[in-house]
>>> print(open('entry.txt').read())   # compact mmCIF, C-alpha atoms
# COMPACT_ATOMS: atom_id res chain seq x y z
CA MET V 1 -56.69 -70.76 84.19
CA CYS V 2 -56.95 -70.03 87.90
CA ASP V 3 -53.72 -69.99 89.86
CA VAL V 4 -54.94 -72.09 92.78
CA THR V 5 -54.06 -75.50 94.14
CA ALA V 6 -56.69 -78.14 94.77
CA THR V 7 -55.87 -80.05 97.94
CA ASN V 8 -57.72 -82.63 99.99
CA ASP V 9 -57.05 -81.12 103.42
CA LEU V 10 -59.31 -78.09 103.04
CA ASP V 11 -62.49 -77.77 105.07
CA LEU V 12 -64.86 -77.56 102.09
CA PRO V 13 -68.67 -77.69 102.27
CA PRO V 14 -70.22 -81.13 101.67
CA GLY V 15 -70.40 -82.01 97.98
CA VAL V 16 -67.95 -79.31 96.89
CA GLU V 17 -65.00 -80.67 94.94
CA ALA V 18 -61.64 -78.93 95.48
CA THR V 19 -61.36 -77.69 91.92
CA PRO V 20 -59.58 -74.44 91.02
CA LEU V 21 -62.91 -72.75 90.20
CA ALA V 22 -64.55 -73.89 93.44
CA LEU V 23 -61.59 -72.68 95.49
CA LEU V 24 -61.65 -69.34 93.67
CA MET V 25 -65.35 -68.86 94.41
CA LEU V 26 -64.67 -69.63 98.07
CA GLY V 27 -62.03 -66.91 98.20
CA ARG V 28 -59.19 -69.41 98.50
CA GLY V 29 -57.37 -68.59 95.32
CA ALA V 30 -56.76 -65.93 92.72
CA ASP V 31 -57.07 -65.70 88.97
CA PRO V 32 -54.06 -63.84 87.54
CA TYR V 33 -55.73 -63.78 84.11
CA SER V 34 -58.67 -61.69 85.27
CA GLU V 35 -58.47 -57.97 86.07
CA ARG V 36 -55.01 -56.50 86.28
CA GLY V 37 -53.97 -55.21 89.66
CA VAL V 38 -56.49 -57.13 91.74
CA GLU V 39 -53.71 -58.32 94.01
CA CYS V 40 -51.15 -56.14 95.75
CA PRO V 41 -47.73 -57.50 96.65
CA GLY V 42 -47.61 -57.21 100.40
CA ASP V 43 -50.46 -56.66 102.81
CA LEU V 44 -53.31 -54.40 101.74
CA PRO V 45 -54.71 -52.69 104.85
CA ASN V 46 -58.13 -53.76 106.05
CA PRO V 47 -60.70 -51.15 104.94
CA ALA V 48 -62.22 -51.33 108.43
CA ASP V 49 -58.91 -50.33 110.06
CA PRO V 50 -59.77 -47.20 112.12
CA THR V 51 -56.16 -45.96 111.86
CA LEU V 52 -56.11 -45.63 108.05
CA VAL V 53 -56.45 -41.86 108.01
CA ALA V 54 -53.71 -41.48 110.61
CA ARG V 55 -51.48 -43.90 108.69
CA ALA V 56 -51.97 -41.97 105.45
CA ARG V 57 -51.13 -38.69 107.20
CA ALA V 58 -48.03 -40.17 108.81
CA ALA V 59 -46.76 -41.68 105.56
CA LYS V 60 -47.34 -38.47 103.63
CA ALA V 61 -45.58 -36.45 106.32
CA ALA V 62 -42.63 -38.85 106.33
CA LEU V 63 -42.28 -38.55 102.55
CA GLY V 64 -42.50 -34.76 102.61
CA ASP V 65 -41.78 -33.00 99.31
CA SER V 66 -40.63 -36.23 97.69
CA VAL V 67 -44.23 -37.22 96.99
CA PHE V 68 -46.91 -35.27 95.12
CA ILE V 69 -50.46 -36.63 95.28
CA LEU V 70 -52.94 -35.89 92.50
CA GLY V 71 -56.68 -36.42 92.97
CA HIS V 72 -59.22 -36.48 90.18
CA HIS V 73 -62.57 -34.78 90.81
CA TYR V 74 -64.36 -38.14 90.71
CA GLN V 75 -62.35 -39.64 93.56
CA ARG V 76 -63.83 -40.64 96.90
CA ASP V 77 -63.71 -38.04 99.68
CA GLU V 78 -61.58 -40.39 101.79
CA VAL V 79 -58.89 -40.19 99.10
CA ILE V 80 -59.34 -36.62 97.85
CA GLN V 81 -58.54 -35.24 101.32
CA PHE V 82 -54.90 -36.25 100.80
CA ALA V 83 -54.51 -34.75 97.33
CA ASP V 84 -52.10 -31.85 96.91
CA VAL V 85 -54.00 -30.82 93.79
CA THR V 86 -57.45 -31.76 92.50
CA GLY V 87 -58.66 -31.37 88.95
CA ASP V 88 -59.56 -33.05 85.67
CA SER V 89 -57.22 -35.48 83.95
CA PHE V 90 -55.20 -33.03 81.85
CA LYS V 91 -54.87 -30.44 84.59
CA LEU V 92 -53.46 -33.11 86.88
CA ALA V 93 -50.98 -34.36 84.29
CA ARG V 94 -49.74 -30.80 83.78
CA GLU V 95 -49.50 -30.28 87.53
CA ALA V 96 -47.32 -33.38 87.76
CA ALA V 97 -45.03 -32.02 85.03
CA ALA V 98 -44.84 -28.72 86.90
CA ARG V 99 -43.31 -30.48 89.93
CA PRO V 100 -40.00 -31.77 88.49
CA ASP V 101 -38.41 -31.93 91.95
CA ALA V 102 -40.94 -34.47 93.25
CA PRO V 103 -39.54 -37.93 92.46
CA TYR V 104 -42.84 -39.69 93.23
CA ILE V 105 -46.20 -38.80 91.68
CA VAL V 106 -49.08 -40.73 93.24
CA PHE V 107 -51.99 -40.42 90.80
CA CYS V 108 -55.40 -41.02 92.35
CA GLY V 109 -57.29 -41.43 89.11
CA VAL V 110 -57.39 -44.07 86.38
CA HIS V 111 -54.81 -45.74 84.16
CA PHE V 112 -54.84 -43.42 81.12
CA MET V 113 -54.39 -40.41 83.41
CA ALA V 114 -51.31 -41.91 85.03
CA GLU V 115 -49.95 -42.71 81.56
CA SER V 116 -50.37 -39.06 80.53
CA ALA V 117 -48.57 -37.97 83.67
CA ASP V 118 -45.69 -40.33 82.88
CA ILE V 119 -45.47 -38.92 79.35
CA LEU V 120 -45.34 -35.31 80.55
CA THR V 121 -43.03 -35.76 83.56
CA ASN V 122 -39.24 -36.11 83.40
CA ASP V 123 -37.34 -39.39 83.41
CA ALA V 124 -36.35 -39.02 87.06
CA GLN V 125 -39.97 -39.01 88.21
CA GLN V 126 -41.97 -42.15 88.88
CA VAL V 127 -45.75 -42.21 88.51
CA ILE V 128 -47.67 -44.56 90.79
CA LEU V 129 -51.28 -45.74 90.43
CA PRO V 130 -52.44 -47.16 93.78
CA ASP V 131 -54.60 -49.82 92.09
CA LEU V 132 -53.69 -51.03 88.59
CA ALA V 133 -57.28 -52.20 88.09
CA ALA V 134 -58.43 -48.57 88.03
CA GLY V 135 -58.98 -48.41 84.31
CA CYS V 136 -61.43 -46.52 82.11
CA SER V 137 -64.16 -48.29 80.17
CA MET V 138 -64.20 -45.53 77.55
CA ALA V 139 -60.45 -45.67 76.97
CA ASP V 140 -60.67 -49.46 76.70
CA MET V 141 -63.23 -49.14 73.87
CA ALA V 142 -60.48 -48.21 71.41
CA THR V 143 -57.43 -50.46 71.09
CA TYR V 144 -54.44 -49.78 68.89
CA ASP V 145 -55.15 -52.73 66.58
CA GLN V 146 -58.77 -51.64 66.16
CA VAL V 147 -57.74 -48.11 65.27
CA GLU V 148 -55.18 -49.40 62.76
CA GLU V 149 -57.96 -51.43 61.13
CA CYS V 150 -60.13 -48.31 61.02
CA TRP V 151 -57.33 -46.40 59.29
CA ASP V 152 -57.11 -49.21 56.73
CA VAL V 153 -60.84 -48.77 56.07
CA LEU V 154 -60.33 -45.04 55.55
CA THR V 155 -57.36 -45.76 53.29
CA ASP V 156 -59.40 -48.20 51.18
CA ALA V 157 -62.14 -45.56 50.90
CA GLY V 158 -59.54 -43.06 49.67
CA VAL V 159 -60.02 -40.59 52.51
CA ALA V 160 -57.18 -41.34 54.97
CA ASP V 161 -54.95 -38.63 53.52
CA ALA V 162 -57.72 -36.07 54.07
CA THR V 163 -58.52 -37.25 57.61
CA VAL V 164 -57.01 -35.82 60.81
CA PRO V 165 -57.31 -37.90 64.01
CA VAL V 166 -58.47 -36.06 67.13
CA SER V 167 -58.33 -38.16 70.28
CA TYR V 168 -59.95 -37.32 73.56
CA MET V 169 -57.71 -37.12 76.60
CA ASN V 170 -59.61 -40.16 77.88
CA SER V 171 -57.63 -42.56 75.72
CA SER V 172 -54.68 -44.88 76.18
CA ALA V 173 -51.10 -43.87 75.47
CA ASP V 174 -51.20 -46.16 72.41
CA ILE V 175 -54.12 -44.22 70.91
CA LYS V 176 -52.45 -40.90 71.70
CA ALA V 177 -49.33 -42.19 69.93
CA PHE V 178 -51.38 -43.26 66.90
CA THR V 179 -52.81 -39.74 66.83
CA GLY V 180 -49.34 -38.20 66.95
CA ARG V 181 -48.02 -40.48 64.19
CA HIS V 182 -50.82 -39.33 61.89
CA GLY V 183 -50.45 -35.62 62.56
CA GLY V 184 -53.42 -35.25 64.88
CA THR V 185 -54.05 -33.70 68.26
CA ILE V 186 -55.47 -34.53 71.66
CA CYS V 187 -58.39 -32.61 73.12
CA THR V 188 -60.21 -32.22 76.40
CA SER V 189 -63.90 -31.55 76.92
CA SER V 190 -62.94 -27.91 77.46
CA ASN V 191 -61.03 -27.35 74.21
CA ALA V 192 -62.71 -29.86 71.86
CA LYS V 193 -64.07 -27.05 69.65
CA ARG V 194 -60.61 -25.49 69.25
CA ALA V 195 -59.13 -28.90 68.47
CA LEU V 196 -61.74 -29.54 65.77
CA GLU V 197 -61.27 -26.08 64.26
CA TRP V 198 -57.54 -26.75 64.04
CA ALA V 199 -58.11 -30.22 62.57
CA PHE V 200 -60.41 -28.94 59.82
CA ASP V 201 -57.77 -26.39 58.90
CA GLN V 202 -55.44 -29.35 58.28
CA GLY V 203 -57.82 -31.70 56.48
CA GLU V 204 -61.32 -32.34 55.25
CA LYS V 205 -62.42 -34.94 57.80
CA VAL V 206 -61.85 -35.84 61.44
CA LEU V 207 -61.60 -39.27 63.02
CA PHE V 208 -62.73 -38.57 66.59
CA MET V 209 -61.88 -41.15 69.28
CA PRO V 210 -62.97 -42.72 71.52
CA ASP V 211 -66.09 -40.84 72.76
CA GLN V 212 -68.71 -40.50 70.06
CA HIS V 213 -70.89 -38.22 72.19
CA LEU V 214 -68.29 -35.53 72.83
CA GLY V 215 -67.37 -35.58 69.14
CA ARG V 216 -70.98 -35.35 67.97
CA ASN V 217 -72.01 -32.71 70.49
CA THR V 218 -69.03 -30.51 69.70
CA ALA V 219 -69.45 -30.83 65.93
CA VAL V 220 -73.19 -30.18 65.90
CA LEU V 221 -73.69 -27.72 68.76
CA ASP V 222 -70.41 -25.79 68.58
CA MET V 223 -69.30 -26.14 64.96
CA GLY V 224 -72.64 -25.90 63.15
CA PHE V 225 -72.46 -29.34 61.51
CA SER V 226 -75.55 -31.49 61.07
CA LEU V 227 -76.12 -34.97 62.44
CA ASP V 228 -75.94 -36.17 58.83
CA ASP V 229 -72.33 -34.95 58.72
CA CYS V 230 -71.47 -37.59 61.32
CA VAL V 231 -71.01 -41.32 60.85
CA VAL V 232 -70.24 -43.85 63.59
CA TYR V 233 -67.44 -46.37 63.12
CA ASN V 234 -68.12 -49.56 65.10
CA PRO V 235 -64.90 -51.57 65.62
CA HIS V 236 -66.92 -54.70 66.35
CA LYS V 237 -68.51 -54.80 62.90
CA PRO V 238 -66.81 -55.73 59.61
CA GLY V 239 -65.48 -52.59 57.99
CA GLY V 240 -66.69 -50.60 60.98
CA GLY V 241 -70.29 -51.11 59.91
CA VAL V 242 -70.00 -48.27 57.41
CA THR V 243 -69.77 -48.15 53.63
CA ALA V 244 -67.08 -46.37 51.65
CA GLU V 245 -69.78 -43.97 50.43
CA GLN V 246 -70.80 -43.09 53.99
CA VAL V 247 -67.19 -42.44 54.97
CA ARG V 248 -66.60 -40.26 51.93
CA ALA V 249 -69.73 -38.22 52.64
CA ALA V 250 -69.03 -37.71 56.35
CA LYS V 251 -67.11 -34.86 57.92
CA MET V 252 -66.94 -36.44 61.38
CA ILE V 253 -66.07 -40.13 61.69
CA LEU V 254 -67.00 -40.93 65.28
CA TRP V 255 -65.58 -43.91 67.14
CA ARG V 256 -68.28 -45.98 68.80
CA GLY V 257 -67.23 -45.39 72.41
CA HIS V 258 -68.80 -43.73 75.41
CA CYS V 259 -68.44 -43.01 79.12
CA SER V 260 -70.21 -45.60 81.25
CA VAL V 261 -71.31 -42.91 83.71
CA HIS V 262 -72.36 -40.09 81.39
CA GLY V 263 -73.80 -42.49 78.84
CA ARG V 264 -76.38 -43.74 81.33
CA PHE V 265 -78.28 -40.44 81.51
CA GLY V 266 -81.37 -40.41 79.31
CA LEU V 267 -84.05 -37.97 78.25
CA ASP V 268 -86.31 -39.53 80.88
CA SER V 269 -83.84 -38.39 83.55
CA VAL V 270 -84.20 -34.78 82.39
CA ASP V 271 -87.99 -34.98 82.16
CA ASP V 272 -88.24 -36.60 85.59
CA VAL V 273 -86.09 -34.04 87.41
CA ARG V 274 -87.96 -31.12 85.78
CA ALA V 275 -91.24 -32.64 86.99
CA ARG V 276 -89.90 -33.12 90.54
CA ILE V 277 -88.10 -29.78 90.92
CA PRO V 278 -89.85 -26.82 89.28
CA GLY V 279 -87.40 -24.28 87.89
CA VAL V 280 -84.42 -26.63 88.13
CA ASN V 281 -81.34 -25.87 86.02
CA VAL V 282 -80.11 -28.97 84.21
CA LEU V 283 -76.32 -28.93 83.77
CA VAL V 284 -74.64 -31.86 82.02
CA HIS V 285 -71.23 -32.96 80.78
CA PRO V 286 -70.71 -33.07 76.98
CA GLU V 287 -69.97 -36.81 77.22
CA CYS V 288 -73.74 -37.26 77.64
CA LYS V 289 -75.92 -38.39 74.73
CA HIS V 290 -76.92 -35.79 72.15
CA GLU V 291 -80.60 -35.83 73.15
CA VAL V 292 -79.67 -35.23 76.80
CA VAL V 293 -77.31 -32.38 75.95
CA THR V 294 -79.90 -30.67 73.74
CA ALA V 295 -82.53 -31.00 76.49
CA ALA V 296 -80.25 -29.52 79.16
CA ASP V 297 -79.96 -25.86 80.08
CA TYR V 298 -76.17 -25.83 80.33
CA VAL V 299 -73.41 -28.07 78.99
CA GLY V 300 -69.77 -28.05 79.99
CA SER V 301 -66.67 -29.82 81.22
CA THR V 302 -66.03 -30.80 84.82
CA GLU V 303 -64.24 -27.50 85.47
CA TYR V 304 -67.13 -25.63 83.82
CA ILE V 305 -69.62 -27.41 86.09
CA ILE V 306 -67.65 -26.47 89.20
CA LYS V 307 -67.33 -22.82 88.17
CA ALA V 308 -71.01 -22.60 87.18
CA LEU V 309 -72.13 -23.73 90.62
CA ASP V 310 -69.65 -21.42 92.33
CA ALA V 311 -71.27 -18.52 90.46
CA ALA V 312 -74.88 -19.70 90.81
CA GLU V 313 -77.43 -17.65 92.73
CA PRO V 314 -78.20 -18.74 96.30
CA GLY V 315 -81.50 -20.56 96.43
CA SER V 316 -81.22 -21.86 92.85
CA SER V 317 -81.80 -25.52 92.02
CA TRP V 318 -79.47 -27.64 89.91
CA ALA V 319 -79.55 -31.17 88.52
CA ILE V 320 -76.07 -32.27 87.51
CA GLY V 321 -75.35 -34.93 84.92
CA THR V 322 -71.90 -36.15 85.87
CA GLU V 323 -70.17 -38.53 88.31
CA LEU V 324 -71.81 -38.84 91.73
CA ASN V 325 -68.73 -38.25 93.92
CA LEU V 326 -68.33 -34.81 92.38
CA VAL V 327 -72.04 -34.00 92.61
CA ARG V 328 -72.11 -34.88 96.30
CA ARG V 329 -68.99 -32.82 96.93
CA LEU V 330 -70.53 -29.83 95.14
CA ALA V 331 -73.76 -30.18 97.12
CA ALA V 332 -71.80 -30.17 100.37
CA ALA V 333 -69.80 -27.11 99.26
CA HIS V 334 -72.95 -25.15 98.34
CA PRO V 335 -75.52 -25.64 101.10
CA ASP V 336 -77.28 -22.46 99.95
CA LYS V 337 -78.27 -24.17 96.67
CA GLN V 338 -80.26 -27.29 95.89
CA ILE V 339 -77.92 -29.61 93.99
CA VAL V 340 -79.08 -33.08 92.98
CA PHE V 341 -77.82 -35.93 90.81
CA LEU V 342 -79.59 -35.94 87.44
CA ASP V 343 -80.57 -39.60 87.61
CA LYS V 344 -82.46 -41.20 90.48
CA THR V 345 -80.20 -44.25 90.34
CA VAL V 346 -76.87 -43.85 92.13
CA CYS V 347 -73.93 -44.12 89.73
CA PHE V 348 -70.28 -43.84 90.68
CA CYS V 349 -67.42 -44.34 88.26
CA SER V 350 -66.70 -47.91 89.35
CA THR V 351 -63.11 -48.02 88.12
CA MET V 352 -62.24 -44.61 89.60
CA ASN V 353 -63.62 -45.87 92.91
CA ARG V 354 -61.07 -48.67 92.98
CA ILE V 355 -58.63 -46.10 94.34
CA ASP V 356 -59.64 -46.26 97.98
CA LEU V 357 -57.94 -45.42 101.26
CA PRO V 358 -56.41 -48.90 101.79
CA HIS V 359 -54.70 -48.76 98.37
CA LEU V 360 -53.47 -45.22 98.96
CA VAL V 361 -52.07 -46.13 102.39
CA TRP V 362 -50.42 -49.24 100.93
CA ALA V 363 -48.76 -47.23 98.15
CA LEU V 364 -47.55 -44.46 100.47
CA GLU V 365 -46.23 -46.80 103.17
CA ALA V 366 -44.39 -48.78 100.50
CA LEU V 367 -42.63 -45.56 99.44
CA VAL V 368 -41.71 -44.88 103.06
CA ASP V 369 -40.11 -48.35 103.09
CA GLY V 370 -38.18 -47.52 99.93
CA LYS V 371 -40.34 -49.57 97.55
CA VAL V 372 -42.06 -48.20 94.45
CA VAL V 373 -45.24 -50.15 93.70
CA ASN V 374 -47.55 -50.06 90.69
CA ARG V 375 -45.31 -47.79 88.67
CA ILE V 376 -46.82 -46.68 85.35
CA ARG V 377 -44.32 -46.63 82.49
CA VAL V 378 -44.91 -45.67 78.87
CA ASP V 379 -42.26 -47.02 76.50
CA ALA V 380 -40.04 -44.50 74.71
CA GLU V 381 -41.48 -44.99 71.22
CA THR V 382 -45.09 -44.62 72.39
CA GLU V 383 -44.15 -41.67 74.57
CA LYS V 384 -42.48 -39.87 71.67
CA PHE V 385 -45.54 -39.84 69.42
CA ALA V 386 -48.08 -39.45 72.23
CA LYS V 387 -46.19 -36.37 73.40
CA GLN V 388 -46.31 -34.96 69.87
CA ALA V 389 -50.09 -35.16 69.97
CA LEU V 390 -50.24 -33.67 73.47
CA ASP V 391 -47.83 -30.87 72.50
CA GLN V 392 -50.05 -30.10 69.52
CA MET V 393 -52.96 -29.66 71.91
CA LEU V 394 -50.89 -27.32 74.06
CA ALA V 395 -50.10 -25.29 70.93
CA LEU V 396 -53.76 -24.83 69.99
CA PRO V 397 -54.71 -21.14 69.66
>>> encode(input="entry.txt", output="structure tokens")
Amino acid sequence: MCDVTATNDLDLPPGVEATPLALLMLGRGADPYSERGVECPGDLPNPADPTLVARARAAKAALGDSVFILGHHYQRDEVIQFADVTGDSFKLAREAAARPDAPYIVFCGVHFMAESADILTNDAQQVILPDLAAGCSMADMATYDQVEECWDVLTDAGVADATVPVSYMNSSADIKAFTGRHGGTICTSSNAKRALEWAFDQGEKVLFMPDQHLGRNTAVLDMGFSLDDCVVYNPHKPGGGVTAEQVRAAKMILWRGHCSVHGRFGLDSVDDVRARIPGVNVLVHPECKHEVVTAADYVGSTEYIIKALDAAEPGSSWAIGTELNLVRRLAAAHPDKQIVFLDKTVCFCSTMNRIDLPHLVWALEALVDGKVVNRIRVDAETEKFAKQALDQMLALP
């Protein structure tokens, strides 16, 4: 139901009835049941305001050491310029925990990242996400109830006791907590192999969530498993769309999830860029599909991609299969190399891009006024078990 009021004194176009839906479409109302965080209490600055950069600088200066701003690699340049530290999701969460004297952590990333920062920081620190609608489609592909149903399927098949959950960092606090409760670990794209090696020392099977591509690519390319060792659990099908026999035969039970950015790259993208740029090096993220990863020259995490281009020979050509903001930033940082986006169609991470300069200015100026907005809080019970899973990752050899 839309939270708008139909009145008769509005200047509506001829033939348009003042219904809640009509008013919403005309921009004269809001739907509180749609995306979270669409509205900000208070006035969100106009994105065309020419003083936004100056306002952000002034607010940050006024806050001094009391605020610590984290910027994910996929953020817009207009936001990343104000970050005290840039990095991938886990690096940023650890950086937040390493600043215990900063009472305010402004996380320019997406929701699951801010949750991880809240889990790892102390109780006196407050984590702020400038726009609560900055979610992650991959993280949203695995809900706690769905994962509980999956575990019931594994239990009915008689394999739950032999299965160790391994959850990607790109998951909600609830899924991290589920992983901790069942003796599993979290992983990043950098340490997924180590996490799987540890998990197979503990049990016979792994339930890998929520990105099927990272799980498959790591198991097959780094661990020596075959594609037949992997089975995909689809939470939208009865029983996950798998039989008890398939689950018993599998070593890797992959959750049917993916990254909306990395999942869009196809084999045609690789073939096309090789035809256009002779001698190009194709470098992709392991969240890409298996056929794309196997067709690429190099595969690695965001940090790996950055380091690879730093070390690349001048004059070399590179097609990068990851988020466009980062690719553009890398191209600008390496004018002596030809760096292009792997796909010809522009593709930003749409939810990451919700953190823009107006939202950052709004959040910082609110802190200057003594107000904490959009605070991310993980409840104590969830935090306890999620931290167990994160601590297990930190303890990996």
>>> closest_atom_pairs(input="entry.txt", of="stretch 70-135 of chain V", to="stretch 326-344 of chain V", cutoff="10 Å", atoms="only C-alpha atoms", output="Markdown table")
| residue | atom | partner | partner_atom | distance |
| --- | --- | --- | --- | --- |
| V:His72 | CA | V:Leu326 | CA | 9.5 |
| V:His73 | CA | V:Leu326 | CA | 6.0 |
| V:Tyr74 | CA | V:Leu326 | CA | 5.4 |
| V:Gln75 | CA | V:Leu326 | CA | 7.8 |
| V:Arg76 | CA | V:Leu326 | CA | 8.6 |
| V:Asp77 | CA | V:Arg329 | CA | 7.9 |
>>> residues_around(input="entry.txt", residues="V:Val164", least_positions_apart="6", cutoff="7 Å", atoms="all atoms listed in the file", output="list of chain:residue names")
V:Gly183, V:Gly184, V:Ala199, V:Gly203, V:Lys205, V:Val206, V:Leu207
>>> residues_around(input="entry.txt", residues="V:Leu196", least_positions_apart="6", cutoff="10 Å", atoms="all atoms listed in the file", output="list in words")
Val164, Pro165, Val166, Thr185, Ile186, Cys187, Gln202, Lys205, Val206, Phe208, Gly215, Thr218, Ala219, Asp222, Met223 and Met252 of chain V
>>> atom_distance(input="entry.txt", atom1="atom CA of V:Leu44", atom2="atom CA of V:Ala58")
16.7 Å
>>> axis_aligned_box(input="entry.txt", around="stretch 190-194 of chain V", padding_each_side="6 Å", output="AutoDock Vina command-line options")
--center_x -62.3 --center_y -27.7 --center_z 73.4 --size_x 15.5 --size_y 16.4 --size_z 20.2
>>> residues_around(input="entry.txt", residues="V:Asn374", least_positions_apart="6", cutoff="8 Å", atoms="all atoms listed in the file", output="number ranges by chain")
V: 128-132
>>> write_last_selection(input="entry.txt", atoms="C-alpha atoms", output="PDB file, in the coordinates of the input")
ATOM      1  CA  ILE V 128     -47.670 -44.560  90.790  1.00  0.00           C
ATOM      2  CA  LEU V 129     -51.280 -45.740  90.430  1.00  0.00           C
ATOM      3  CA  PRO V 130     -52.440 -47.160  93.780  1.00  0.00           C
ATOM      4  CA  ASP V 131     -54.600 -49.820  92.090  1.00  0.00           C
ATOM      5  CA  LEU V 132     -53.690 -51.030  88.590  1.00  0.00           C
TER       6      LEU V 132
END
>>> closest_residue(input="entry.txt", among="V:Glu78, V:Glu365, V:Asp123, V:Asp101", to="V:Ala380", atoms="only C-alpha atoms")
V:Asp123
>>> atom_distance(input="entry.txt", atom1="atom CA of V:Leu70", atom2="atom CA of V:Arg181")
29.1 Å
>>> atom_distance(input="entry.txt", atom1="atom CA of V:Pro397", atom2="atom CA of V:Leu92")
21.0 Å
>>> residues_near_point(input="entry.txt", point="(-55.1, -32.3, 95.9)", cutoff="9 Å", atoms="only C-alpha atoms", output="NGL selection string")
:V and (68-72 or 80-87)
>>> residues_around(input="entry.txt", residues="V:Gln125", least_positions_apart="2", cutoff="6 Å", atoms="only C-alpha atoms", output="PyMOL selection string")
chain V and resi 103-104+122-123
>>> closest_residue(input="entry.txt", among="V:Ser171, V:Asn234, V:Asn281, V:Thr243", to="V:Gly135", atoms="only C-alpha atoms")
V:Ser171
>>> residues_around(input="entry.txt", residues="V:Ala386", least_positions_apart="3", cutoff="7 Å", atoms="all atoms listed in the file", output="number ranges by chain")
V: 173, 176-177, 180, 382-383, 389-390
>>> closest_residue(input="entry.txt", among="V:Glu291, V:Glu197, V:Asp268, V:Asp211", to="V:Ile253", atoms="only C-alpha atoms")
V:Asp211
>>> closest_residue(input="entry.txt", among="V:Val280, V:Val247, V:Ala134, V:Val293", to="V:Gly315", atoms="all atoms listed in the file")
V:Val280
>>> closest_residue(input="entry.txt", among="V:Leu154, V:Val53, V:Ala319, V:Ala48", to="V:Ala275", atoms="all atoms listed in the file")
V:Ala319
>>> closest_residue(input="entry.txt", among="V:Tyr298, V:Tyr168, V:Trp255, V:Phe107", to="V:His236", atoms="only C-alpha atoms")
V:Trp255
